[in-house]
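Note sheet for the following structure.
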Amino acid sequence: MPELEKFLCNSLLGWLAIQVVLTLVFLLSLYSNQKNLLPDDQLPKTAVILCLRGADPYLKQCLRALLRQNYPEYELKIVVDHQDDPSWNMSIDTVQELGATNVEISPLRNIRNNCSLKCSSLVQAVSELDNSYKVVALADSHTVVHPNWLRELVNPLAHPKVGATSGSCWYLPKGKDWWSLIPYVANVSLVIQKYLFGMPWGGSLAIKTEVIQQTGLLNKWSLALCEDILIGSVLRKHKLRVKFVPCLFMVNREESDLPSLRNQIQRQLISSRLYHPQPSAIIGDTISSILIPTLVLMSLLWASFIGQWENFNLLLGCYVSYTVGLLWLMLILEHGVQQMTRDRLQPIAPITFTTIFKLLISIPLTQWIYGLGLLSTLGMTTVTWRGVNYRIFSAWNVRLEEYKPFRRR
């Protein structure tokens, strides 16, 4: 038994050391020098696509921000799930308030039953673009961007080997609701993983229209559950890459309750299993981030129960060191991200002692919740996304079971 406990402790602390190295690499990328932004006459005409189903709490702020971009030639293409959707009138009212003319609002006309509604909307919007649009940018309805967002997102596409660019989502650690801290803790690891594997985030993404055509990305979207994770793999096959833009952290201020968190975790895990460029990495991350810490904690409790205090002290020191180490990495990343977001009109939250205490407890809580979420998805063939059920047979065999317009709860 002592040999097993030593193995678990060494494995856990070894994984912590790996995470320290990966975090430092990621932090270095945050402070990499941003090239000078292109002048107006070199920026390509761009279509910003916003797919809506339901009126999210920050939708009005999102629309206003997207329509006030410091960019010479772009048009906002809004595709609303249904004309009875609450976001339809909200979008029209917001556009009229601003007097914006570079916007087009359309209902989703062709509801495909072999992909998600968001992918259906993307396929419709991109298919209707004329040849004058050289770049397609995507945003989420909870993304409230700064005035230079589109300029900074499109700028790296001037490089011939860059097929797409992406920012990252960063949750606001308010510390008011325990369930809202779970996405924050999980996202810290996810942001680094997306950077390392070149997986873009659909909430802040730009891709060349010629790349969409060359890679057959529209065909992929027309068969897929999600739009973003698969892009990196598709581009690599054509010797193109996704460029991570360090300054484009978009803060998500939405609160989570348990039902929405459960659906979010299940959808996230299933999408990763289907489209992750390195599926073996999911297994390794699950063992290292969920299974080993849980085994150490269980061994700790067992050692306490049977009175093996020497083993108990060893396991306790290991587990506390690991948890405090993760908290330290989180606080370092939070500081780095705040440096990026402060100058770009993104909200920040002060890290109080209470928040630190809650984060310390949320670390093992997040491991258990994601562990349970992973187990619950092993045999799962149906996922719910904004009130619509999808049956999953394989990555490219998805069925929308029954379409229903969005209704407020």
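To be explicit about the labels: the chains of the structure tokens are called A, B, and onward in the order shown, and within each one the residues are counted from 1, while ligands get numbers from 1 in the order they are shown.
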
Next item on the list: Mind checking which residues fall within 8 Å of Pro173 (chain A), counting only C-alpha atoms, ignoring those fewer than 6 positions away in the same chain, and posting them as a list of chain:residue names?
Entry: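 Neighbouring residues, sequence-local ones excluded: A:Ser180, A:Leu181, A:Tyr184, A:Ala349, A:Ile351, A:Thr355.
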
Checklist line | DSSP-assigned helix (DSSP H, G or I) members of region 50-215 of chain A, reported as a ChimeraX atom specification | finding: /A:59-66,86-98,117-127,149-158,178-197,209-215

Item checked: One-decimal distance in Å that lies between CA of Glu210 (chain A) and CA of Arg151 (chain A) ->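 Between CA of Arg151 (chain A) and CA of Glu210 (chain A) the gap is 18.9 Å.
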
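Distances to Met250 (chain A) were evaluated for A:Leu76, A:Val145, A:Ala47, A:Ala137 using only C-alpha atoms, and the minimum falls at A:Val145.
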
With region 374-394 of chain A as the partner and 9 Å as the cut-off, tabulate the residues of region 253-307 of chain A that qualify, each row holding the nearest pair of atoms and their distance in Å to one decimal, using only C-alpha atoms, sorted by chain and rising number, as a tab-separated table.
residue	atom	partner	partner_atom	distance
A:Asn263	CA	A:Thr384	CA	6.6
A:Gln264	CA	A:Trp385	CA	8.2
A:Ile265	CA	A:Leu374	CA	8.4
A:Gln266	CA	A:Thr377	CA	6.4
A:Arg267	CA	A:Val383	CA	6.3
A:Leu269	CA	A:Leu374	CA	6.8
A:Ile270	CA	A:Thr377	CA	6.9
A:Leu274	CA	A:Ser394	CA	7.2
A:Thr286	CA	A:Leu374	CA	8.7

Notebook entry, point to check: Which residues come within 9 Å of region 4-15 of chain A, counting only C-alpha atoms, excluding same-chain residues fewer than 3 positions away, as a list of chain:residue names?
Noted result: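 Non-adjacent residues within range: A:Met1, A:Ile18, A:Gln19, A:Val20, A:Ser288, A:Ser289, A:Ile292, A:Pro293, A:Leu295, A:Val296, A:Ser299, A:Asn311, A:Leu314, A:Leu315, A:Cys318, A:Tyr319, A:Ser321, A:Tyr322.
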
Expected file contents, prior selection, N, CA and C atoms, as a short mmCIF file (atom, residue, chain, number, x, y, z; two decimals), in the first residue's frame:
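Listed below is the output, out09.cif:
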data_model
loop_
_atom_site.label_atom_id
_atom_site.label_comp_id
_atom_site.auth_asym_id
_atom_site.auth_seq_id
_atom_site.Cartn_x
_atom_site.Cartn_y
_atom_site.Cartn_z
N MET A 1 0.81 -1.22 0.00
CA MET A 1 0.00 0.00 0.00
C MET A 1 0.84 1.28 0.00
N ILE A 18 4.16 19.70 -14.61
CA ILE A 18 3.86 19.86 -16.03
C ILE A 18 2.94 21.06 -16.25
N GLN A 19 1.93 21.20 -15.38
CA GLN A 19 1.00 22.32 -15.52
C GLN A 19 1.70 23.66 -15.29
N VAL A 20 2.68 23.69 -14.37
CA VAL A 20 3.44 24.92 -14.15
C VAL A 20 4.18 25.31 -15.42
N SER A 288 -4.99 12.53 -15.31
CA SER A 288 -4.11 13.40 -14.53
C SER A 288 -4.87 14.43 -13.70
N SER A 289 -5.94 14.98 -14.28
CA SER A 289 -6.64 16.09 -13.63
C SER A 289 -7.82 15.66 -12.76
N ILE A 292 -6.43 10.86 -10.74
CA ILE A 292 -5.35 10.78 -9.74
C ILE A 292 -5.63 11.64 -8.50
N PRO A 293 -6.07 12.92 -8.66
CA PRO A 293 -6.41 13.68 -7.44
C PRO A 293 -7.50 13.02 -6.61
N LEU A 295 -8.16 9.76 -6.45
CA LEU A 295 -7.59 8.58 -5.80
C LEU A 295 -6.74 8.98 -4.60
N VAL A 296 -6.00 10.08 -4.72
CA VAL A 296 -5.20 10.57 -3.60
C VAL A 296 -6.11 10.95 -2.44
N SER A 299 -7.56 7.80 -0.85
CA SER A 299 -6.53 7.13 -0.05
C SER A 299 -6.28 7.88 1.24
N ASN A 311 1.06 7.58 6.50
CA ASN A 311 0.54 7.67 5.13
C ASN A 311 -0.42 8.85 4.99
N LEU A 314 1.55 12.02 4.57
CA LEU A 314 2.14 12.06 3.23
C LEU A 314 1.11 12.47 2.19
N LEU A 315 -0.05 11.82 2.23
CA LEU A 315 -1.10 12.10 1.26
C LEU A 315 -1.69 13.50 1.45
N CYS A 318 0.69 16.06 0.08
CA CYS A 318 0.68 16.01 -1.39
C CYS A 318 -0.57 16.69 -1.95
N TYR A 319 -1.73 16.36 -1.38
CA TYR A 319 -2.99 16.89 -1.90
C TYR A 319 -3.09 18.40 -1.67
N SER A 321 -0.56 20.48 -1.34
CA SER A 321 0.42 21.12 -2.22
C SER A 321 -0.11 21.24 -3.64
N TYR A 322 -0.76 20.18 -4.09
CA TYR A 322 -1.31 20.19 -5.45
C TYR A 322 -2.42 21.23 -5.58
#

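Reported to one decimal place, the separation of CA of Gln193 (chain A) from CA of Ser32 (chain A) is 18.1 Å.
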
Show me a table, sorted first by chain and then by increasing residue number, of the residues of region 105-197 of chain A having an atom at most 12 Å from region 217-232 of chain A, each with its shortest atom pair and the distance in Å to one decimal, counting only C-alpha atoms and written as a Markdown table.
| residue | atom | partner | partner_atom | distance |
| --- | --- | --- | --- | --- |
| A:Asn110 | CA | A:Ser222 | CA | 11.2 |
| A:Ile111 | CA | A:Ser222 | CA | 10.5 |
| A:Arg112 | CA | A:Ser222 | CA | 7.7 |
| A:Asn113 | CA | A:Leu223 | CA | 9.0 |
| A:Asn114 | CA | A:Leu223 | CA | 5.5 |
| A:Cys115 | CA | A:Leu223 | CA | 4.8 |
| A:Ser116 | CA | A:Leu225 | CA | 5.0 |
| A:Leu117 | CA | A:Leu225 | CA | 8.6 |
| A:Lys118 | CA | A:Cys226 | CA | 7.7 |
| A:Cys119 | CA | A:Trp221 | CA | 5.5 |
| A:Ser120 | CA | A:Ser222 | CA | 6.4 |
| A:Ser121 | CA | A:Ser222 | CA | 9.6 |
| A:Leu122 | CA | A:Trp221 | CA | 7.8 |
| A:Val123 | CA | A:Leu218 | CA | 6.0 |
| A:Gln124 | CA | A:Leu218 | CA | 9.4 |
| A:Ala125 | CA | A:Leu218 | CA | 10.5 |
| A:Val126 | CA | A:Leu218 | CA | 8.1 |
| A:Ser127 | CA | A:Leu218 | CA | 8.2 |
| A:Glu128 | CA | A:Leu218 | CA | 12.0 |
| A:Ala137 | CA | A:Asp228 | CA | 11.9 |
| A:Leu138 | CA | A:Asp228 | CA | 9.8 |
| A:Ala139 | CA | A:Asp228 | CA | 11.3 |
| A:Asp140 | CA | A:Asp228 | CA | 11.8 |
| A:Val162 | CA | A:Gly232 | CA | 11.0 |
| A:Gly163 | CA | A:Gly232 | CA | 9.3 |
| A:Ala164 | CA | A:Ile231 | CA | 8.5 |
| A:Thr165 | CA | A:Gly232 | CA | 10.3 |
| A:Ser166 | CA | A:Asp228 | CA | 9.8 |
| A:Gly167 | CA | A:Asp228 | CA | 11.8 |
| A:Ser168 | CA | A:Asp228 | CA | 11.8 |
| A:Leu190 | CA | A:Ile229 | CA | 11.9 |
| A:Gln193 | CA | A:Ile229 | CA | 11.6 |
| A:Lys194 | CA | A:Ile229 | CA | 8.7 |
| A:Tyr195 | CA | A:Gly232 | CA | 10.7 |
| A:Leu196 | CA | A:Gly232 | CA | 11.1 |
| A:Phe197 | CA | A:Gly232 | CA | 7.9 |

Could you name the residues that touch Thr94 (chain A) at 9 Å or less, counting only C-alpha atoms, but leaving out those on the same chain fewer than 5 positions away, as a compact mmCIF listing (two decimals) with N, CA, C and O atoms, in the first residue's frame?
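Okay, around17.txt is ready:
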# COMPACT_ATOMS: atom_id res chain seq x y z
N LYS A 60 -27.98 42.87 -25.91
CA LYS A 60 -27.99 44.27 -26.36
C LYS A 60 -26.60 44.88 -26.35
O LYS A 60 -26.19 45.56 -27.31
N LEU A 63 -24.64 43.44 -29.33
CA LEU A 63 -25.01 44.04 -30.62
C LEU A 63 -24.43 45.44 -30.75
O LEU A 63 -23.90 45.82 -31.80
N ARG A 64 -24.55 46.25 -29.71
CA ARG A 64 -24.03 47.61 -29.76
C ARG A 64 -22.51 47.61 -30.00
O ARG A 64 -21.99 48.41 -30.77
N ASN A 89 -36.87 40.60 -32.08
CA ASN A 89 -37.29 41.98 -31.84
C ASN A 89 -36.20 42.78 -31.11
O ASN A 89 -36.02 43.97 -31.37
N GLY A 99 -29.30 53.32 -35.43
CA GLY A 99 -29.36 53.80 -36.80
C GLY A 99 -28.31 53.15 -37.69
O GLY A 99 -27.83 53.74 -38.66
N ALA A 100 -27.96 51.89 -37.38
CA ALA A 100 -26.91 51.18 -38.13
C ALA A 100 -27.44 50.73 -39.48
O ALA A 100 -28.59 50.30 -39.61

Margin query: With distances taken over only C-alpha atoms, which residue among A:Val95, A:Val185, A:Cys62, A:Ile212 lies nearest Ser141 (chain A)?
Written below: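 Using only C-alpha atoms, the shortest distance to Ser141 (chain A) belongs to A:Cys62.
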
Note to self: If DSSP is run on the backbone, what residues of region 165-255 of chain A are strand (DSSP E)? A reply as a PyMOL selection string would be ideal.
What the structure shows: chain A and resi 165-171+204-208+241-252

What does the file look like for those residues with C-alpha atoms, as a PDB file, in the first residue's frame?
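Saved the output as out-v9.pdb:
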ATOM      1  CA  THR A 165      -7.446  33.581 -35.778  1.00  0.00           C
ATOM      2  CA  SER A 166      -9.056  33.232 -32.397  1.00  0.00           C
ATOM      3  CA  GLY A 167      -9.409  34.902 -29.050  1.00  0.00           C
ATOM      4  CA  SER A 168     -10.337  33.113 -25.824  1.00  0.00           C
ATOM      5  CA  CYS A 169     -13.201  33.068 -23.373  1.00  0.00           C
ATOM      6  CA  TRP A 170     -12.467  34.020 -19.779  1.00  0.00           C
ATOM      7  CA  TYR A 171     -15.065  33.735 -17.042  1.00  0.00           C
ATOM      8  CA  SER A 204     -14.197  35.274 -31.130  1.00  0.00           C
ATOM      9  CA  LEU A 205     -13.008  33.778 -34.399  1.00  0.00           C
ATOM     10  CA  ALA A 206     -12.024  34.929 -37.894  1.00  0.00           C
ATOM     11  CA  ILE A 207     -11.300  32.789 -40.939  1.00  0.00           C
ATOM     12  CA  LYS A 208     -10.494  33.612 -44.547  1.00  0.00           C
ATOM     13  CA  ARG A 241      -2.685  27.149 -38.756  1.00  0.00           C
ATOM     14  CA  VAL A 242      -4.888  28.879 -36.231  1.00  0.00           C
ATOM     15  CA  LYS A 243      -3.291  31.981 -34.740  1.00  0.00           C
ATOM     16  CA  PHE A 244      -4.108  32.688 -31.112  1.00  0.00           C
ATOM     17  CA  VAL A 245      -4.425  36.451 -30.506  1.00  0.00           C
ATOM     18  CA  PRO A 246      -3.294  37.050 -26.900  1.00  0.00           C
ATOM     19  CA  CYS A 247      -5.042  40.393 -26.444  1.00  0.00           C
ATOM     20  CA  LEU A 248      -8.488  39.044 -27.355  1.00  0.00           C
ATOM     21  CA  PHE A 249      -9.722  37.605 -24.079  1.00  0.00           C
ATOM     22  CA  MET A 250     -13.497  38.057 -24.022  1.00  0.00           C
ATOM     23  CA  VAL A 251     -14.963  38.056 -20.538  1.00  0.00           C
ATOM     24  CA  ASN A 252     -18.087  35.971 -19.953  1.00  0.00           C
TER      25      ASN A 252
END

Item checked: Interatomic distance (Å, one decimal) between CA of Asp56 (chain A) and CA of Trp178 (chain A) -> 20.8 Å

Item checked: 12 Å contact set for Leu24 (chain A), only C-alpha atoms, chain neighbours under 6 positions out, as a list in words ->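 Contacts, with the query itself left out: Ala17, Ile18, Leu30, Tyr31, Ile192, Leu329, Met330, Ile332, Leu333 and Gly336 of chain A.
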
Same residues, C-alpha atoms, output as a PDB file, in the first residue's frame:
ATOM      1  CA  ALA A  17       5.010  20.424 -12.434  1.00  0.00           C
ATOM      2  CA  ILE A  18       3.861  19.861 -16.028  1.00  0.00           C
ATOM      3  CA  LEU A  30       0.284  36.510 -23.680  1.00  0.00           C
ATOM      4  CA  TYR A  31       3.127  38.992 -23.544  1.00  0.00           C
ATOM      5  CA  ILE A 192      -4.197  26.547 -22.165  1.00  0.00           C
ATOM      6  CA  LEU A 329      -1.409  29.114 -11.143  1.00  0.00           C
ATOM      7  CA  MET A 330      -4.986  30.373 -11.389  1.00  0.00           C
ATOM      8  CA  ILE A 332      -1.102  34.165 -11.877  1.00  0.00           C
ATOM      9  CA  LEU A 333      -3.196  33.596 -15.004  1.00  0.00           C
ATOM     10  CA  GLY A 336      -2.045  38.117 -16.709  1.00  0.00           C
TER      11      GLY A 336
END

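Nearest to Glu334 (chain A) of all the residues A:Leu43, A:Val191, A:Leu37, A:Leu297 is A:Val191, counting only C-alpha atoms.
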